[in-house]
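Worksheet: the structure to be examined is printed underneath.
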Amino acid sequence: MIDVRVRHLSKHYRSRIRGERRLFGLIPRRETFWALRDVSFEVRRGEALGIVGPNGAGKSTLIKLLSGITAPSEGEIEIIGRLASLVEVGAGFQPDLTGRENVFLNGAIMGMGYREITTKLPSIIEFAEIGDALDALAKQYSSGMFVRLGFAIAAHLDADILLLDEVLAVGDIAFQARCFKRIEELRHAGKTILLVSHDLAAMERVCRRALLLNHGGIVTEGDPHEVIEVYVTSTRAALRARQRDEPEGPVVVTGLTMGAIDAGAVRTGEPFRCCVSYLARTPLDGVLVRVSFNWPSGYLCTELVSDPNLRVEYGPGRVEFDCPVLTMQRGLYSVDLCIERRGEILERLPRAGLLRVGVGRIVQGDFYMAHSARVRDGSDAKIRIEKA
Amino acid sequence: MNSEAASPLRPRKVIRPERPFLASVPGDLRSLASYRNLFSVMTATRLKIRYRQSVLGWLWAVPQPLALMMLYAAIFSHAVGYDTAPVPYPLFLMAGLLPWSFCSTALSTAATGMLTHHSLMAKVYFPREIVPLSYVAAALFDFVIAFLLLLAMMLIWHVPISPVALIGLPIVAILVLHTAATCLLLVSLQIHVRDINVALPLVLQVFMFTAPVVYPAMIVPLSFQAFYWMNPLAILISDFRLAVLGGGVPNAGGLLYCLLLGLVLFLFAYSIFKWHESKIVDEM
């Protein structure tokens, strides 16, 4: 049973080029830009499909077409069921109205009826956790409150198909956790989900199938892990090709491998090794190699930094980093590489790779600390429980 | 495999490059009906914000027609001296200005309103006609408030208020139909010519003189009258004044003509607007 069927969908935009006119200055010349070109895919009922791609790939155009905000230039979209767009939550919020009035306005914009909003209001307020601020004027709200309220309203929409974008990336960690939980509840309830996002970890967590979009067309589709590999590899290949065009640097990175020391999957709490291969054109002193691991949001999680006085000989070589205990938690991290020399950057490769850390030692929180615990009986005077 | 398990609970929607011109109207009206809550909330929001922001509050709708009336009364009484007996000239003016102000306010606010709401329309889908129509509704609300002022003036000048004045209601309803149709045509044009609201005040000012707002209809030269009375605005405004001020029953034929013309115009304007709807976000 197919809920969304996209057939040969194309969208172009024609923009005027200023200052250039044909036909004796009467007709302005127009430039055609194809945002999407001959895109076809299907989403089955109850499926969670992820759509990923770099900026400018056509993701937001696809969202606009699915929502009905703009019309296609060619092709067609068939939707069976009610589609709710959780993109741009909180649209239309008026600062001069109270939070409560804004809930009614925003709910109406999303297509809810008056009675529906009134019935769902207590649940919306609870989800958004804004408490007494509901009857205050919205101009006094922080941007976080807008998002929480907007998402709370959208999460209560009665819909069969949900269209989501980066909305899962906003708000604090507790709120994000609640959003994820809600999305998973909806998925288990059999709703069809389309997630269009840069957040690769969210995609792997929620979706069972993924599509890679680039330059307005579908590059590949299939299992989310594989699609993400293709996506990251393509970025890496593009960077590599760019680097090769300027072979002036004395040192060039030729490879990156990461893995568990005892040939298994990379896991929290297990030993971990990372090798950066390079090719040096001259012998160098005072070299520093840095491997940075970033959260999916782009923020730096941690890094591996070598001794700042490495000596590198002419020719190919490898810098090995050994971690006896990997402290990073389960997840997907993007890896940046950097080779420096006395403060000067010789070679820099952002998004050079992708590290997938699996479940090893299970602890809550942001990272794992190597530790052991033992029991000592009460007669041992060394252990005292100190009251604060 | 076509329409798999589409049911009333799971409506089937197909999005294509072109919309059929008139054939999509029933579906569009159904869709509009499902968004009626948005229509009332948007109108109420507009009014709430306006009244909250201004010192005058509910009386916001009063100064404008009152000031215009005083201005025109001053100009035309002295310059031309229209004879509108037995009705005093200021009252005559007011009864004409009220429906006219409704029209011109609706048109000018709808045009600027589309620009104001552009970013909202780029983010969420809802039937776009709700934006201009909510401005028509807000203008109608202002009309009702100003009408109370007219009644007050009639009492002050000892002009009898007869039950025939109730005929004013269907007259206003037909006027709303025409205004809504014109708004939709105007905003459809605005999609292609974005600065249309710059020329609008001038156009409206000229149009005011095609209806008997500031002058009595008798002064229209006989040779011109056939052409003059083809304008539904002229018929509606003069009939409104006749029913409310004069207590006279207007000609049914004229009103019927306006009604039929209004329905056809609205259907035409609505189809054109829906046909262009998807371009709103792209072009504007």
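Letters for chains follow the order of the structure tokens (A, B, ...), residue numbers begin at 1 for each chain, and ligand numbers begin at 1 in the order shown.
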
Return the neighbours of chain B among the residues of chain A, cut-off 8 Å, counting only C-alpha atoms, as a ChimeraX atom specification.
/A:1-2,13,64,67-82,85,87-88,91-92,96-97,104-105,108-114,160

As a PyMOL selection string, please: the residues near A:Gly58 (cut-off 9 Å, only C-alpha atoms, same-chain neighbours under 2 positions excluded).
chain A and resi 34-36+53-56+60-63+213-217

Just the selected residues (C-alpha atoms), exported as a JSON list (two decimals), in the first residue's frame, please.
[["chain", "number", "residue", "atom", "x", "y", "z"],
["A", 34, "TRP", "CA", 16.42, 23.15, -12.06],
["A", 35, "ALA", "CA", 15.95, 22.55, -8.34],
["A", 36, "LEU", "CA", 14.63, 19.01, -8.94],
["A", 53, "GLY", "CA", 21.74, 15.38, 0.83],
["A", 54, "PRO", "CA", 24.00, 18.40, 0.83],
["A", 55, "ASN", "CA", 22.75, 21.98, 0.78],
["A", 56, "GLY", "CA", 21.26, 22.87, -2.57],
["A", 60, "SER", "CA", 13.60, 22.09, 0.72],
["A", 61, "THR", "CA", 12.08, 22.26, -2.77],
["A", 62, "LEU", "CA", 10.83, 18.70, -2.29],
["A", 63, "ILE", "CA", 9.31, 19.67, 1.06],
["A", 213, "LEU", "CA", 19.51, 13.60, -3.11],
["A", 214, "ASN", "CA", 22.07, 15.74, -4.89],
["A", 215, "HIS", "CA", 21.89, 18.40, -7.60],
["A", 216, "GLY", "CA", 18.14, 17.87, -7.90],
["A", 217, "GLY", "CA", 18.24, 14.12, -8.49]]

Between A:Leu164, A:Gln176, A:Gly317, A:Thr268, which one has atoms that come closest to A:Pro283, using only C-alpha atoms?
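Between A:Leu164, A:Gln176, A:Gly317, A:Thr268, the residue approaching A:Pro283 most closely is A:Gly317.
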
Close residues, B:Ala243 itself excluded, 10 Å, only C-alpha atoms, min 3 positions apart in chain, as number ranges by chain:
B: 161-169, 171, 238-240, 246-250

Keeping C-alpha atoms, export the residues of the selection given above as an mmCIF file, in the first residue's frame.
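The resulting selection-v3.cif:
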data_model
loop_
_atom_site.group_PDB
_atom_site.id
_atom_site.type_symbol
_atom_site.label_atom_id
_atom_site.label_comp_id
_atom_site.auth_asym_id
_atom_site.auth_seq_id
_atom_site.Cartn_x
_atom_site.Cartn_y
_atom_site.Cartn_z
ATOM 1 C CA ILE B 161 -35.394 54.984 10.957
ATOM 2 C CA SER B 162 -37.929 52.811 9.171
ATOM 3 C CA PRO B 163 -38.056 48.992 9.030
ATOM 4 C CA VAL B 164 -37.324 49.251 5.308
ATOM 5 C CA ALA B 165 -33.767 49.931 6.413
ATOM 6 C CA LEU B 166 -33.449 46.169 6.902
ATOM 7 C CA ILE B 167 -33.257 45.845 3.129
ATOM 8 C CA GLY B 168 -29.810 47.301 3.683
ATOM 9 C CA LEU B 169 -28.727 43.831 4.828
ATOM 10 C CA ILE B 171 -27.716 45.010 -0.272
ATOM 11 C CA SER B 238 -27.581 54.438 -4.099
ATOM 12 C CA ASP B 239 -30.001 51.669 -3.063
ATOM 13 C CA PHE B 240 -28.346 51.356 0.316
ATOM 14 C CA GLY B 246 -35.001 57.449 2.859
ATOM 15 C CA GLY B 247 -36.995 54.420 3.901
ATOM 16 C CA GLY B 248 -37.708 53.685 0.239
ATOM 17 C CA VAL B 249 -37.813 50.259 -1.369
ATOM 18 C CA PRO B 250 -35.203 49.921 -4.146
#

Quick one: residues within 12 Å of A:Gln364, only C-alpha atoms, excluding same-chain residues fewer than 4 positions away - as a list in words?
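My list of contacting residues is Thr268, Thr327, Met328, Gln329, Arg330, Val359, Tyr368 and Met369 of chain A.
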
Members of stretch 111-355 of chain A assigned helix (DSSP H, G or I) by DSSP, as a PyMOL selection string:
chain A and resi 114-128+131-135+138-140+143-155+166-169+173-188+200-206+224-245

Write out as an NGL selection string each polymer residue whose atoms come within 10 Å of A:Thr220, counting only C-alpha atoms; drop sequence neighbours fewer than 4 positions from it.
:A and (210-214 or 226-228 or 230-231)

Please identify all polymer residues within 7 Å of A:Ser15, counting only C-alpha atoms, omitting same-chain residues fewer than 2 positions from it, and present them as a PDB file with C-alpha atoms, in the first residue's frame.
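Produced file out.pdb, reproduced below:
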ATOM      1  CA  TYR A  13      12.825  28.428 -11.193  1.00  0.00           C
ATOM      2  CA  ILE A  17      19.132  38.403 -15.167  1.00  0.00           C
ATOM      3  CA  ARG A  30      15.659  34.572 -17.924  1.00  0.00           C
ATOM      4  CA  GLU A  31      17.864  31.944 -16.420  1.00  0.00           C
ATOM      5  CA  THR A  32      16.396  28.527 -15.652  1.00  0.00           C
TER       6      THR A  32
END

d(atom CA of B:Leu91, atom CA of B:Met153) in Å
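These atoms are spaced 7.2 Å apart.
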
Exercise: B:Ile174 partners within 8 Å, only C-alpha atoms, chain neighbours under 6 positions left out, as a VMD selection string
chain B and resid 258 to 259 262

Determine which residues of stretch 316-362 of chain A receive a DSSP assignment of strand (DSSP E or B), computed from the backbone, and state them as a PyMOL selection string.
chain A and resi 316-323+328+331-341+344-358

Using the selection just defined, write its residues with N, CA and C atoms as a CSV table (one decimal), in the first residue's frame.
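Saved the output as again_17.csv:
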chain,number,residue,atom,x,y,z
A,316,PRO,N,55.9,8.0,2.2
A,316,PRO,CA,54.6,7.6,2.9
A,316,PRO,C,54.8,7.2,4.3
A,317,GLY,N,53.8,7.4,5.1
A,317,GLY,CA,54.0,7.1,6.5
A,317,GLY,C,52.6,7.0,7.2
A,318,ARG,N,52.6,6.7,8.5
A,318,ARG,CA,51.3,6.6,9.2
A,318,ARG,C,51.5,7.1,10.6
A,319,VAL,N,50.5,7.8,11.1
A,319,VAL,CA,50.5,8.3,12.5
A,319,VAL,C,49.4,7.4,13.1
A,320,GLU,N,49.8,6.7,14.2
A,320,GLU,CA,48.8,5.8,14.9
A,320,GLU,C,48.4,6.4,16.2
A,321,PHE,N,47.1,6.5,16.5
A,321,PHE,CA,46.6,6.9,17.8
A,321,PHE,C,46.0,5.7,18.5
A,322,ASP,N,46.5,5.4,19.7
A,322,ASP,CA,46.0,4.3,20.5
A,322,ASP,C,45.2,4.8,21.7
A,323,CYS,N,43.9,4.4,21.8
A,323,CYS,CA,43.1,4.7,22.9
A,323,CYS,C,42.8,3.4,23.7
A,328,MET,N,33.8,7.7,24.0
A,328,MET,CA,32.6,8.3,23.3
A,328,MET,C,31.4,7.3,23.3
A,331,GLY,N,26.9,6.3,18.7
A,331,GLY,CA,26.4,7.3,17.8
A,331,GLY,C,27.2,7.4,16.6
A,332,LEU,N,26.9,8.5,15.9
A,332,LEU,CA,27.6,8.7,14.6
A,332,LEU,C,28.4,10.0,14.7
A,333,TYR,N,29.7,10.0,14.4
A,333,TYR,CA,30.5,11.2,14.6
A,333,TYR,C,31.2,11.4,13.2
A,334,SER,N,31.2,12.7,12.8
A,334,SER,CA,32.0,13.0,11.6
A,334,SER,C,33.4,13.4,12.1
A,335,VAL,N,34.4,13.0,11.2
A,335,VAL,CA,35.8,13.1,11.6
A,335,VAL,C,36.4,14.2,10.7
A,336,ASP,N,37.1,15.1,11.4
A,336,ASP,CA,37.9,16.1,10.7
A,336,ASP,C,39.4,15.8,10.9
A,337,LEU,N,40.2,16.0,9.9
A,337,LEU,CA,41.7,15.8,10.1
A,337,LEU,C,42.4,17.1,9.9
A,338,CYS,N,43.5,17.3,10.6
A,338,CYS,CA,44.3,18.5,10.5
A,338,CYS,C,45.7,18.2,10.8
A,339,ILE,N,46.6,18.6,9.9
A,339,ILE,CA,48.1,18.5,10.1
A,339,ILE,C,48.6,19.9,10.3
A,340,GLU,N,49.2,20.2,11.4
A,340,GLU,CA,49.8,21.5,11.7
A,340,GLU,C,51.3,21.4,12.0
A,341,ARG,N,51.9,22.6,11.8
A,341,ARG,CA,53.3,22.7,12.1
A,341,ARG,C,53.6,24.0,12.8
A,344,GLU,N,51.0,26.6,12.2
A,344,GLU,CA,50.5,26.8,10.9
A,344,GLU,C,49.9,25.6,10.3
A,345,ILE,N,48.8,25.7,9.7
A,345,ILE,CA,48.0,24.6,9.2
A,345,ILE,C,48.6,24.1,7.8
A,346,LEU,N,49.1,22.9,7.7
A,346,LEU,CA,49.6,22.4,6.5
A,346,LEU,C,48.5,21.7,5.6
A,347,GLU,N,47.7,21.0,6.3
A,347,GLU,CA,46.6,20.2,5.6
A,347,GLU,C,45.4,20.1,6.4
A,348,ARG,N,44.2,20.4,5.8
A,348,ARG,CA,43.0,20.3,6.6
A,348,ARG,C,41.9,19.6,5.8
A,349,LEU,N,41.3,18.6,6.4
A,349,LEU,CA,40.3,17.9,5.7
A,349,LEU,C,39.1,17.8,6.6
A,350,PRO,N,38.1,18.7,6.5
A,350,PRO,CA,36.9,18.5,7.3
A,350,PRO,C,36.1,17.4,6.7
A,351,ARG,N,35.3,16.7,7.5
A,351,ARG,CA,34.4,15.6,7.1
A,351,ARG,C,35.2,14.5,6.3
A,352,ALA,N,36.4,14.2,6.8
A,352,ALA,CA,37.2,13.2,6.1
A,352,ALA,C,36.6,11.8,6.3
A,353,GLY,N,35.8,11.6,7.3
A,353,GLY,CA,35.3,10.2,7.5
A,353,GLY,C,34.2,10.2,8.5
A,354,LEU,N,33.7,9.0,8.8
A,354,LEU,CA,32.5,8.9,9.6
A,354,LEU,C,32.9,7.8,10.6
A,355,LEU,N,32.7,8.0,11.9
A,355,LEU,CA,32.9,7.0,12.9
A,355,LEU,C,31.6,6.6,13.5
A,356,ARG,N,31.4,5.3,13.4
A,356,ARG,CA,30.2,4.7,14.0
A,356,ARG,C,30.6,4.0,15.3
A,357,VAL,N,30.1,4.5,16.4
A,357,VAL,CA,30.5,3.8,17.7
A,357,VAL,C,29.3,3.0,18.1
A,358,GLY,N,29.6,1.7,18.3
A,358,GLY,CA,28.5,0.8,18.7
A,358,GLY,C,28.4,0.7,20.2

Could you jot down the atom CA of A:Glu166 to atom CA of A:Leu195 separation for me, Å, one decimal place?
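Computing it gives 8.5 Å between the two atoms.
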
Quick one: of B:Pro63, B:Ile130, B:Leu242, B:Leu260, who's nearest to B:Gly96, counting only C-alpha atoms?
B:Leu242

Looking at only C-alpha atoms, which of B:Leu265, B:Leu66, B:Thr116, B:Ser77 is the one that sits closest to B:Tyr215?
B:Ser77

Kindly indicate which residue among A:Leu163, A:Leu66, A:Leu326, A:Ile51 lies nearest to A:Glu270, using only C-alpha atoms for the distances.
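Smallest separation from A:Glu270 among the options: A:Leu326.
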
Identify which of the residues A:Phe41, A:Phe33, A:Trp295, A:Phe127 lies closest to A:Leu194, counting only C-alpha atoms when measuring atom-to-atom distances.
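Counting only C-alpha atoms, the residue closest to A:Leu194 is A:Phe41.
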